[in-house]
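K.L.:
Pasting start-v7.pdb below, which is PDB, C-alpha atoms.
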ATOM      1  CA  ALA A   1     -21.058 231.306-173.449  1.00  0.00           C
ATOM      2  CA  ILE A   2     -21.979 228.815-170.712  1.00  0.00           C
ATOM      3  CA  ILE A   3     -20.030 226.024-172.418  1.00  0.00           C
ATOM      4  CA  GLY A   4     -16.906 228.185-172.324  1.00  0.00           C
ATOM      5  CA  ALA A   5     -17.529 229.708-168.893  1.00  0.00           C
ATOM      6  CA  VAL A   6     -17.679 226.392-166.989  1.00  0.00           C
ATOM      7  CA  PRO A   7     -14.226 225.018-167.971  1.00  0.00           C
ATOM      8  CA  SER A   8     -12.740 228.521-167.754  1.00  0.00           C
ATOM      9  CA  SER A   9     -13.948 228.966-164.167  1.00  0.00           C
ATOM     10  CA  ALA A  10     -12.935 225.416-163.247  1.00  0.00           C
ATOM     11  CA  LEU A  11      -9.405 226.076-164.514  1.00  0.00           C
ATOM     12  CA  TYR A  12      -9.331 229.448-162.775  1.00  0.00           C
ATOM     13  CA  PHE A  13     -10.132 228.186-159.296  1.00  0.00           C
ATOM     14  CA  GLY A  14      -8.592 224.733-159.733  1.00  0.00           C
ATOM     15  CA  VAL A  15      -5.182 225.996-160.842  1.00  0.00           C
ATOM     16  CA  TYR A  16      -5.273 228.715-158.187  1.00  0.00           C
ATOM     17  CA  GLU A  17      -5.912 226.218-155.408  1.00  0.00           C
ATOM     18  CA  GLY A  18      -3.395 223.714-156.748  1.00  0.00           C
ATOM     19  CA  VAL A  19      -0.585 226.258-157.078  1.00  0.00           C
ATOM     20  CA  LYS A  20      -1.447 227.778-153.695  1.00  0.00           C
ATOM     21  CA  VAL A  21      -1.220 224.438-151.888  1.00  0.00           C
ATOM     22  CA  ARG A  22       2.024 223.515-153.663  1.00  0.00           C
ATOM     23  CA  LEU A  23       3.685 226.866-152.931  1.00  0.00           C
ATOM     24  CA  THR A  24       2.489 226.759-149.337  1.00  0.00           C
ATOM     25  CA  LYS A  25       4.093 223.342-148.874  1.00  0.00           C
ATOM     26  CA  GLN A  26       7.384 224.611-150.297  1.00  0.00           C
ATOM     27  CA  VAL A  27       7.382 227.737-148.129  1.00  0.00           C
ATOM     28  CA  SER A  28       6.377 225.631-145.136  1.00  0.00           C
ATOM     29  CA  ARG A  29       9.402 223.408-145.642  1.00  0.00           C
ATOM     30  CA  LEU A  30      11.712 226.367-146.069  1.00  0.00           C
ATOM     31  CA  ARG A  31      10.414 228.125-142.966  1.00  0.00           C
ATOM     32  CA  LYS A  32       9.778 224.907-141.032  1.00  0.00           C
ATOM     33  CA  GLU A  33       6.340 226.199-140.172  1.00  0.00           C
ATOM     34  CA  LYS A  34       2.828 224.830-140.655  1.00  0.00           C
ATOM     35  CA  TRP A  35       0.309 226.774-142.668  1.00  0.00           C
ATOM     36  CA  CYS A  36      -2.705 227.768-140.619  1.00  0.00           C
ATOM     37  CA  GLY A  37      -5.190 230.401-141.560  1.00  0.00           C
ATOM     38  CA  GLY A  38      -6.461 231.677-138.260  1.00  0.00           C
ATOM     39  CA  LYS A  39      -5.763 233.921-135.304  1.00  0.00           C
ATOM     40  CA  GLY A  40      -3.859 232.479-132.405  1.00  0.00           C
ATOM     41  CA  ARG A  41      -1.876 230.165-134.677  1.00  0.00           C
ATOM     42  CA  ASP A  42       1.434 230.278-136.499  1.00  0.00           C
ATOM     43  CA  VAL A  43       0.675 232.177-139.684  1.00  0.00           C
ATOM     44  CA  PHE A  44       3.101 233.026-142.457  1.00  0.00           C
ATOM     45  CA  PRO A  45       4.202 236.679-142.511  1.00  0.00           C
ATOM     46  CA  PHE A  46       2.077 238.818-144.811  1.00  0.00           C
ATOM     47  CA  LYS A  47       4.779 239.088-147.486  1.00  0.00           C
ATOM     48  CA  CYS A  48       4.932 235.266-147.737  1.00  0.00           C
ATOM     49  CA  ARG A  49       1.151 234.929-147.867  1.00  0.00           C
ATOM     50  CA  ALA A  50       0.876 237.714-150.430  1.00  0.00           C
ATOM     51  CA  LEU A  51       3.555 236.159-152.662  1.00  0.00           C
ATOM     52  CA  ILE A  52       1.786 232.785-152.591  1.00  0.00           C
ATOM     53  CA  HIS A  53      -1.600 234.275-153.441  1.00  0.00           C
ATOM     54  CA  VAL A  54      -0.246 236.641-156.114  1.00  0.00           C
ATOM     55  CA  VAL A  55       1.552 233.840-157.979  1.00  0.00           C
ATOM     56  CA  SER A  56      -1.413 231.455-157.571  1.00  0.00           C
ATOM     57  CA  ALA A  57      -3.938 234.020-158.837  1.00  0.00           C
ATOM     58  CA  ALA A  58      -1.735 234.894-161.830  1.00  0.00           C
ATOM     59  CA  CYS A  59      -1.367 231.197-162.733  1.00  0.00           C
ATOM     60  CA  GLY A  60      -5.108 230.631-162.363  1.00  0.00           C
ATOM     61  CA  ASN A  61      -5.930 233.567-164.613  1.00  0.00           C
ATOM     62  CA  ALA A  62      -3.363 232.525-167.223  1.00  0.00           C
ATOM     63  CA  ALA A  63      -4.813 229.000-167.300  1.00  0.00           C
ATOM     64  CA  SER A  64      -8.448 230.121-167.496  1.00  0.00           C
ATOM     65  CA  SER A  65      -7.573 232.517-170.322  1.00  0.00           C
ATOM     66  CA  LEU A  66      -6.568 229.511-172.433  1.00  0.00           C
ATOM     67  CA  VAL A  67     -10.313 228.843-172.637  1.00  0.00           C
ATOM     68  CA  PHE A  68     -11.634 232.378-172.140  1.00  0.00           C
ATOM     69  CA  VAL A  69      -9.749 234.043-175.023  1.00  0.00           C
ATOM     70  CA  PRO A  70     -10.826 231.586-177.785  1.00  0.00           C
ATOM     71  CA  LYS A  71     -14.360 231.668-176.368  1.00  0.00           C
ATOM     72  CA  GLU A  72     -14.431 235.465-176.616  1.00  0.00           C
ATOM     73  CA  TYR A  73     -12.980 235.363-180.133  1.00  0.00           C
ATOM     74  CA  ILE A  74     -15.672 232.920-181.295  1.00  0.00           C
ATOM     75  CA  LYS A  75     -18.422 234.899-179.544  1.00  0.00           C
ATOM     76  CA  GLN A  76     -17.314 238.195-181.084  1.00  0.00           C
ATOM     77  CA  THR A  77     -17.036 236.606-184.543  1.00  0.00           C
ATOM     78  CA  LEU A  78     -20.563 235.201-184.231  1.00  0.00           C
ATOM     79  CA  GLN A  79     -21.860 238.601-183.118  1.00  0.00           C
ATOM     80  CA  ALA A  80     -20.105 240.320-186.017  1.00  0.00           C
ATOM     81  CA  GLN A  81     -21.940 237.991-188.403  1.00  0.00           C
ATOM     82  CA  MET A  82     -25.370 238.973-187.120  1.00  0.00           C
ATOM     83  CA  GLY A  83     -27.454 240.580-189.833  1.00  0.00           C
ATOM     84  CA  THR A  84     -25.191 239.488-192.681  1.00  0.00           C
ATOM     85  CA  THR A  85     -27.634 236.792-193.788  1.00  0.00           C
ATOM     86  CA  ALA A  86     -29.887 239.487-195.253  1.00  0.00           C
ATOM     87  CA  SER A  87     -27.085 240.595-197.563  1.00  0.00           C
ATOM     88  CA  GLY A  88     -26.649 237.076-198.875  1.00  0.00           C
ATOM     89  CA  ASN A  89     -23.606 236.096-196.817  1.00  0.00           C
ATOM     90  CA  VAL A  90     -23.556 232.726-195.085  1.00  0.00           C
ATOM     91  CA  ASN A  91     -23.126 232.736-191.318  1.00  0.00           C
ATOM     92  CA  LEU A  92     -20.591 230.310-189.931  1.00  0.00           C
ATOM     93  CA  GLY A  93     -21.255 228.264-186.801  1.00  0.00           C
ATOM     94  CA  ALA A  94     -18.812 228.056-183.892  1.00  0.00           C
ATOM     95  CA  VAL A  95     -17.170 224.853-185.177  1.00  0.00           C
ATOM     96  CA  SER A  96     -16.813 226.307-188.686  1.00  0.00           C
ATOM     97  CA  ILE A  97     -15.241 229.468-187.259  1.00  0.00           C
ATOM     98  CA  ILE A  98     -12.683 227.388-185.367  1.00  0.00           C
ATOM     99  CA  LYS A  99     -11.846 225.342-188.463  1.00  0.00           C
ATOM    100  CA  ALA A 100     -11.576 228.414-190.689  1.00  0.00           C
ATOM    101  CA  THR A 101      -9.383 230.268-188.180  1.00  0.00           C
ATOM    102  CA  LEU A 102      -7.042 227.300-187.704  1.00  0.00           C
ATOM    103  CA  LYS A 103      -6.753 226.907-191.489  1.00  0.00           C
ATOM    104  CA  GLU A 104      -6.080 230.572-192.223  1.00  0.00           C
ATOM    105  CA  GLN A 105      -4.163 231.742-189.146  1.00  0.00           C
ATOM    106  CA  GLY A 106      -3.198 228.657-187.220  1.00  0.00           C
ATOM    107  CA  LEU A 107      -3.646 228.212-183.474  1.00  0.00           C
ATOM    108  CA  LYS A 108      -2.409 231.746-182.776  1.00  0.00           C
ATOM    109  CA  GLY A 109      -5.517 233.055-184.540  1.00  0.00           C
ATOM    110  CA  LEU A 110      -7.707 231.758-181.713  1.00  0.00           C
ATOM    111  CA  TYR A 111      -5.420 233.333-179.124  1.00  0.00           C
ATOM    112  CA  ARG A 112      -5.186 236.782-180.614  1.00  0.00           C
ATOM    113  CA  GLY A 113      -5.400 239.151-177.675  1.00  0.00           C
ATOM    114  CA  TYR A 114      -4.206 236.591-175.104  1.00  0.00           C
ATOM    115  CA  TRP A 115      -1.445 238.797-173.663  1.00  0.00           C
ATOM    116  CA  PRO A 116      -3.527 242.001-173.548  1.00  0.00           C
ATOM    117  CA  THR A 117      -6.222 239.975-171.785  1.00  0.00           C
ATOM    118  CA  LEU A 118      -3.726 238.810-169.176  1.00  0.00           C
ATOM    119  CA  SER A 119      -2.355 242.319-168.670  1.00  0.00           C
ATOM    120  CA  ARG A 120      -5.912 243.563-168.082  1.00  0.00           C
ATOM    121  CA  ASN A 121      -7.239 240.704-165.928  1.00  0.00           C
ATOM    122  CA  ILE A 122      -4.289 239.546-163.821  1.00  0.00           C
ATOM    123  CA  PRO A 123      -3.994 242.711-161.658  1.00  0.00           C
ATOM    124  CA  SER A 124      -7.681 242.487-160.777  1.00  0.00           C
ATOM    125  CA  ALA A 125      -7.449 238.744-160.079  1.00  0.00           C
ATOM    126  CA  VAL A 126      -4.361 239.186-157.912  1.00  0.00           C
ATOM    127  CA  LEU A 127      -6.067 241.892-155.867  1.00  0.00           C
ATOM    128  CA  ARG A 128      -9.293 239.919-155.504  1.00  0.00           C
ATOM    129  CA  PHE A 129      -7.714 236.637-154.405  1.00  0.00           C
ATOM    130  CA  THR A 130      -5.141 238.235-152.084  1.00  0.00           C
ATOM    131  CA  LEU A 131      -7.771 240.382-150.405  1.00  0.00           C
ATOM    132  CA  TYR A 132     -10.118 237.408-150.077  1.00  0.00           C
ATOM    133  CA  GLU A 133      -7.480 235.281-148.361  1.00  0.00           C
ATOM    134  CA  GLU A 134      -6.583 238.111-145.984  1.00  0.00           C
ATOM    135  CA  PHE A 135     -10.213 238.890-145.139  1.00  0.00           C
ATOM    136  CA  LYS A 136     -10.767 235.158-144.619  1.00  0.00           C
ATOM    137  CA  ILE A 137      -7.949 235.035-142.060  1.00  0.00           C
ATOM    138  CA  CYS A 138      -9.509 237.974-140.190  1.00  0.00           C
ATOM    139  CA  LEU A 139     -13.152 236.917-140.424  1.00  0.00           C
ATOM    140  CA  VAL A 140     -12.890 233.125-140.331  1.00  0.00           C
ATOM    141  CA  PRO A 141     -10.219 232.203-137.751  1.00  0.00           C
ATOM    142  CA  ASN A 142     -10.686 228.452-138.258  1.00  0.00           C
ATOM    143  CA  SER A 143     -10.936 228.532-142.048  1.00  0.00           C
ATOM    144  CA  THR A 144      -8.666 225.494-142.424  1.00  0.00           C
ATOM    145  CA  ASP A 145     -10.708 223.424-140.004  1.00  0.00           C
ATOM    146  CA  SER A 146     -13.108 220.852-141.423  1.00  0.00           C
ATOM    147  CA  SER A 147     -16.582 222.245-141.981  1.00  0.00           C
ATOM    148  CA  ASN A 148     -19.655 221.085-143.815  1.00  0.00           C
ATOM    149  CA  LYS A 149     -21.044 224.461-144.796  1.00  0.00           C
ATOM    150  CA  VAL A 150     -20.117 227.826-146.237  1.00  0.00           C
ATOM    151  CA  SER A 151     -20.498 230.377-143.447  1.00  0.00           C
ATOM    152  CA  PHE A 152     -21.808 233.919-143.788  1.00  0.00           C
ATOM    153  CA  ARG A 153     -18.331 235.177-142.883  1.00  0.00           C
ATOM    154  CA  LEU A 154     -16.827 233.450-145.919  1.00  0.00           C
ATOM    155  CA  LEU A 155     -19.415 235.146-148.123  1.00  0.00           C
ATOM    156  CA  LEU A 156     -18.636 238.448-146.416  1.00  0.00           C
ATOM    157  CA  ALA A 157     -14.919 237.954-147.070  1.00  0.00           C
ATOM    158  CA  GLY A 158     -15.690 237.414-150.747  1.00  0.00           C
ATOM    159  CA  ALA A 159     -17.979 240.436-150.914  1.00  0.00           C
ATOM    160  CA  LEU A 160     -15.412 242.713-149.274  1.00  0.00           C
ATOM    161  CA  ALA A 161     -12.644 241.449-151.558  1.00  0.00           C
ATOM    162  CA  GLY A 162     -14.759 242.074-154.647  1.00  0.00           C
ATOM    163  CA  ALA A 163     -15.818 245.544-153.534  1.00  0.00           C
ATOM    164  CA  VAL A 164     -12.317 246.728-152.601  1.00  0.00           C
ATOM    165  CA  ALA A 165     -10.665 245.234-155.702  1.00  0.00           C
ATOM    166  CA  SER A 166     -13.248 246.756-158.054  1.00  0.00           C
ATOM    167  CA  GLY A 167     -12.951 250.113-156.299  1.00  0.00           C
ATOM    168  CA  ILE A 168      -9.176 250.156-156.780  1.00  0.00           C
ATOM    169  CA  THR A 169      -9.385 249.129-160.440  1.00  0.00           C
ATOM    170  CA  THR A 170     -12.271 251.476-161.362  1.00  0.00           C
ATOM    171  CA  PRO A 171     -10.007 254.035-163.134  1.00  0.00           C
ATOM    172  CA  PHE A 172      -8.780 251.308-165.488  1.00  0.00           C
ATOM    173  CA  ASP A 173     -12.358 250.240-166.212  1.00  0.00           C
ATOM    174  CA  VAL A 174     -13.247 253.870-166.960  1.00  0.00           C
ATOM    175  CA  ILE A 175     -10.322 254.073-169.400  1.00  0.00           C
ATOM    176  CA  LYS A 176     -11.456 250.865-171.125  1.00  0.00           C
ATOM    177  CA  THR A 177     -14.978 252.266-171.513  1.00  0.00           C
ATOM    178  CA  GLN A 178     -13.718 255.605-172.828  1.00  0.00           C
ATOM    179  CA  VAL A 179     -11.499 253.871-175.393  1.00  0.00           C
ATOM    180  CA  ALA A 180     -14.289 251.500-176.457  1.00  0.00           C
ATOM    181  CA  THR A 181     -16.688 254.402-177.040  1.00  0.00           C
ATOM    182  CA  GLY A 182     -14.101 256.395-178.985  1.00  0.00           C
ATOM    183  CA  LYS A 183     -13.900 259.197-176.417  1.00  0.00           C
ATOM    184  CA  LEU A 184     -10.254 258.427-175.676  1.00  0.00           C
ATOM    185  CA  ASP A 185      -7.373 257.703-178.044  1.00  0.00           C
ATOM    186  CA  ARG A 186      -6.407 254.038-177.673  1.00  0.00           C
ATOM    187  CA  ASN A 187      -2.764 254.924-178.439  1.00  0.00           C
ATOM    188  CA  LEU A 188      -2.354 257.114-175.365  1.00  0.00           C
ATOM    189  CA  GLY A 189      -1.412 254.318-173.005  1.00  0.00           C
ATOM    190  CA  VAL A 190      -2.616 253.791-169.440  1.00  0.00           C
ATOM    191  CA  PHE A 191      -0.638 256.538-167.689  1.00  0.00           C
ATOM    192  CA  ARG A 192      -1.370 259.282-170.238  1.00  0.00           C
ATOM    193  CA  SER A 193      -5.013 258.199-170.333  1.00  0.00           C
ATOM    194  CA  LEU A 194      -5.235 258.627-166.550  1.00  0.00           C
ATOM    195  CA  VAL A 195      -3.624 262.065-166.791  1.00  0.00           C
ATOM    196  CA  SER A 196      -5.927 263.108-169.654  1.00  0.00           C
ATOM    197  CA  LEU A 197      -9.103 262.047-167.859  1.00  0.00           C
ATOM    198  CA  SER A 198      -8.073 263.623-164.561  1.00  0.00           C
ATOM    199  CA  LYS A 199      -7.272 266.934-166.309  1.00  0.00           C
ATOM    200  CA  GLU A 200     -10.596 266.917-168.127  1.00  0.00           C
ATOM    201  CA  ASN A 201     -12.903 265.718-165.353  1.00  0.00           C
ATOM    202  CA  GLY A 202     -10.802 265.846-162.191  1.00  0.00           C
ATOM    203  CA  ILE A 203     -10.032 262.892-159.955  1.00  0.00           C
ATOM    204  CA  LYS A 204     -13.770 262.195-159.651  1.00  0.00           C
ATOM    205  CA  GLY A 205     -13.848 261.520-163.364  1.00  0.00           C
ATOM    206  CA  LEU A 206     -11.642 258.467-162.825  1.00  0.00           C
ATOM    207  CA  TYR A 207     -14.181 256.973-160.440  1.00  0.00           C
ATOM    208  CA  VAL A 208     -17.407 257.406-162.384  1.00  0.00           C
ATOM    209  CA  GLY A 209     -19.823 254.610-161.482  1.00  0.00           C
ATOM    210  CA  ILE A 210     -17.679 253.315-158.634  1.00  0.00           C
ATOM    211  CA  ARG A 211     -20.587 252.655-156.248  1.00  0.00           C
ATOM    212  CA  PRO A 212     -22.699 250.391-158.496  1.00  0.00           C
ATOM    213  CA  ARG A 213     -19.511 248.727-159.756  1.00  0.00           C
ATOM    214  CA  MET A 214     -18.369 247.917-156.201  1.00  0.00           C
ATOM    215  CA  PHE A 215     -21.828 246.672-155.240  1.00  0.00           C
ATOM    216  CA  ILE A 216     -22.223 244.404-158.271  1.00  0.00           C
ATOM    217  CA  SER A 217     -18.654 243.117-157.936  1.00  0.00           C
ATOM    218  CA  SER A 218     -19.159 242.354-154.246  1.00  0.00           C
ATOM    219  CA  MET A 219     -22.221 240.238-155.034  1.00  0.00           C
ATOM    220  CA  PHE A 220     -20.567 238.349-157.881  1.00  0.00           C
ATOM    221  CA  THR A 221     -17.379 237.749-155.901  1.00  0.00           C
ATOM    222  CA  ALA A 222     -19.281 236.555-152.840  1.00  0.00           C
ATOM    223  CA  VAL A 223     -21.186 234.050-154.997  1.00  0.00           C
ATOM    224  CA  GLY A 224     -18.007 233.028-156.840  1.00  0.00           C
ATOM    225  CA  PHE A 225     -15.880 232.413-153.774  1.00  0.00           C
ATOM    226  CA  GLY A 226     -18.843 230.929-151.900  1.00  0.00           C
ATOM    227  CA  SER A 227     -19.333 228.411-154.721  1.00  0.00           C
ATOM    228  CA  PHE A 228     -15.598 227.735-154.722  1.00  0.00           C
ATOM    229  CA  GLU A 229     -15.623 226.943-150.997  1.00  0.00           C
ATOM    230  CA  ALA A 230     -18.797 224.851-151.363  1.00  0.00           C
ATOM    231  CA  VAL A 231     -17.215 222.708-154.094  1.00  0.00           C
ATOM    232  CA  LYS A 232     -14.109 222.236-151.941  1.00  0.00           C
ATOM    233  CA  ILE A 233     -16.307 221.041-149.083  1.00  0.00           C
ATOM    234  CA  LEU A 234     -18.292 218.775-151.415  1.00  0.00           C
ATOM    235  CA  LEU A 235     -15.111 217.219-152.829  1.00  0.00           C
ATOM    236  CA  LYS A 236     -13.498 217.140-149.376  1.00  0.00           C
ATOM    237  CA  VAL A 237     -10.542 219.204-150.544  1.00  0.00           C
ATOM    238  CA  ASP A 238      -8.167 220.020-147.698  1.00  0.00           C
ATOM    239  CA  SER A 239      -6.683 223.474-148.190  1.00  0.00           C
ATOM    240  CA  SER A 240      -4.151 222.883-145.464  1.00  0.00           C
ATOM    241  CA  PRO A 241      -0.980 221.280-146.816  1.00  0.00           C
ATOM    242  CA  SER A 242       0.576 220.740-143.375  1.00  0.00           C
ATOM    243  CA  ARG A 243      -0.266 217.043-143.210  1.00  0.00           C
TER     244      ARG A 243
END
Show the structure stored in the file as structure tokens.
P.N.:
Amino acid sequence: AIIGAVPSSALYFGVYEGVKVRLTKQVSRLRKEKWCGGKGRDVFPFKCRALIHVVSAACGNAASSLVFVPKEYIKQTLQAQMGTTASGNVNLGAVSIIKATLKEQGLKGLYRGYWPTLSRNIPSAVLRFTLYEEFKICLVPNSTDSSNKVSFRLLLAGALAGAVASGITTPFDVIKTQVATGKLDRNLGVFRSLVSLSKENGIKGLYVGIRPRMFISSMFTAVGFGSFEAVKILLKVDSSPSR
């Protein structure tokens, strides 16, 4: 899991930052403005900022899923094999699973579920990154200035982004849980699932567990974005493309 998580996260944040800087440069040329992330400076209109962050987050998630999806497939296959040794079957290792899948199904076998994964994860990623960048503008006026540390305000921006994004997407997480436990027909679709749950349990039923989910997400997102900013500082990455 760790072996797959490291490159997946690196791709996630790396592609996001790379696409963001490139798009910002292009928009900056078109608008003949300089990108600055703080109050009292020329800042792109919200619709421009949002477009940049939405596209960047989607690209980052799509890239990280190139590692995440095969990793999940291998992990689930290994888990499915647990306990089969007692019945005389031979358990395959991760490398053997990859070889067998490539032989029987080709490369697409490792990426089964890639598009459903994107459709599930991209909305959450888009919300999280866009909210983080907006909170950062509000809380850290000089976020593009050189700094040698990750401030508490950056961590707060990450925590708020995680909490708000998870709160908004809670109904979809509830649907996923209900489908996984067999309490909801997987063929209903998202909209009909929302209607079914709200009829059965009311609007509150769509937000079961929202408080612990928001709290846990805020902590994870604060650590994630804090680590992201720390690595940028360590590598002396300049987020401002105006030079």
K.L.:
Report as a JSON list (two decimals) with C-alpha atoms, keeping the file's coordinate frame the full result of the PyMOL selection byres ((chain A and resi 63-71) around 7) when it is applied to this structure.
P.N.:
[["chain", "number", "residue", "atom", "x", "y", "z"],
["A", 4, "GLY", "CA", -16.91, 228.18, -172.32],
["A", 8, "SER", "CA", -12.74, 228.52, -167.75],
["A", 9, "SER", "CA", -13.95, 228.97, -164.17],
["A", 11, "LEU", "CA", -9.40, 226.08, -164.51],
["A", 12, "TYR", "CA", -9.33, 229.45, -162.78],
["A", 59, "CYS", "CA", -1.37, 231.20, -162.73],
["A", 60, "GLY", "CA", -5.11, 230.63, -162.36],
["A", 61, "ASN", "CA", -5.93, 233.57, -164.61],
["A", 62, "ALA", "CA", -3.36, 232.52, -167.22],
["A", 72, "GLU", "CA", -14.43, 235.46, -176.62],
["A", 73, "TYR", "CA", -12.98, 235.36, -180.13],
["A", 74, "ILE", "CA", -15.67, 232.92, -181.30],
["A", 75, "LYS", "CA", -18.42, 234.90, -179.54],
["A", 110, "LEU", "CA", -7.71, 231.76, -181.71],
["A", 111, "TYR", "CA", -5.42, 233.33, -179.12],
["A", 114, "TYR", "CA", -4.21, 236.59, -175.10]]
K.L.:
To one decimal place in Å, what is the distance between atom CA of A:Val140 and atom CA of A:Gly167?
P.N.:
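These atoms are spaced 23.3 Å apart.
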K.L.:
What is the distance, in Å and to one decimal place, between atom CA of A:Ala165 and atom CA of A:Thr221?
P.N.:
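The value is 10.1 Å.
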K.L.:
Given the PyMOL selection byres ((chain A and resi 211-220) around 12) and the file above, list the residues it selects as a PyMOL selection string.
P.N.:
chain A and resi 124+128+132+155-171+173-174+207-210+221-227
K.L.:
For atom CA of A:Phe129 and atom CA of A:Lys108, quote the distance in Å rounded to one decimal.
P.N.:
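One can read the atom CA of A:Phe129 to atom CA of A:Lys108 distance as 29.3 Å.
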K.L.:
Check which residues satisfy the PyMOL selection byres ((chain A and resi 13-24) around 6) in the file shown, then give them as a CSV table (one decimal) with C-alpha atoms, keeping the file's coordinate frame.
P.N.:
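The resulting file, out_23.csv, is reproduced below:
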chain,number,residue,atom,x,y,z
A,10,ALA,CA,-12.9,225.4,-163.2
A,11,LEU,CA,-9.4,226.1,-164.5
A,12,TYR,CA,-9.3,229.4,-162.8
A,25,LYS,CA,4.1,223.3,-148.9
A,26,GLN,CA,7.4,224.6,-150.3
A,27,VAL,CA,7.4,227.7,-148.1
A,28,SER,CA,6.4,225.6,-145.1
A,56,SER,CA,-1.4,231.5,-157.6
A,57,ALA,CA,-3.9,234.0,-158.8
A,60,GLY,CA,-5.1,230.6,-162.4
A,241,PRO,CA,-1.0,221.3,-146.8
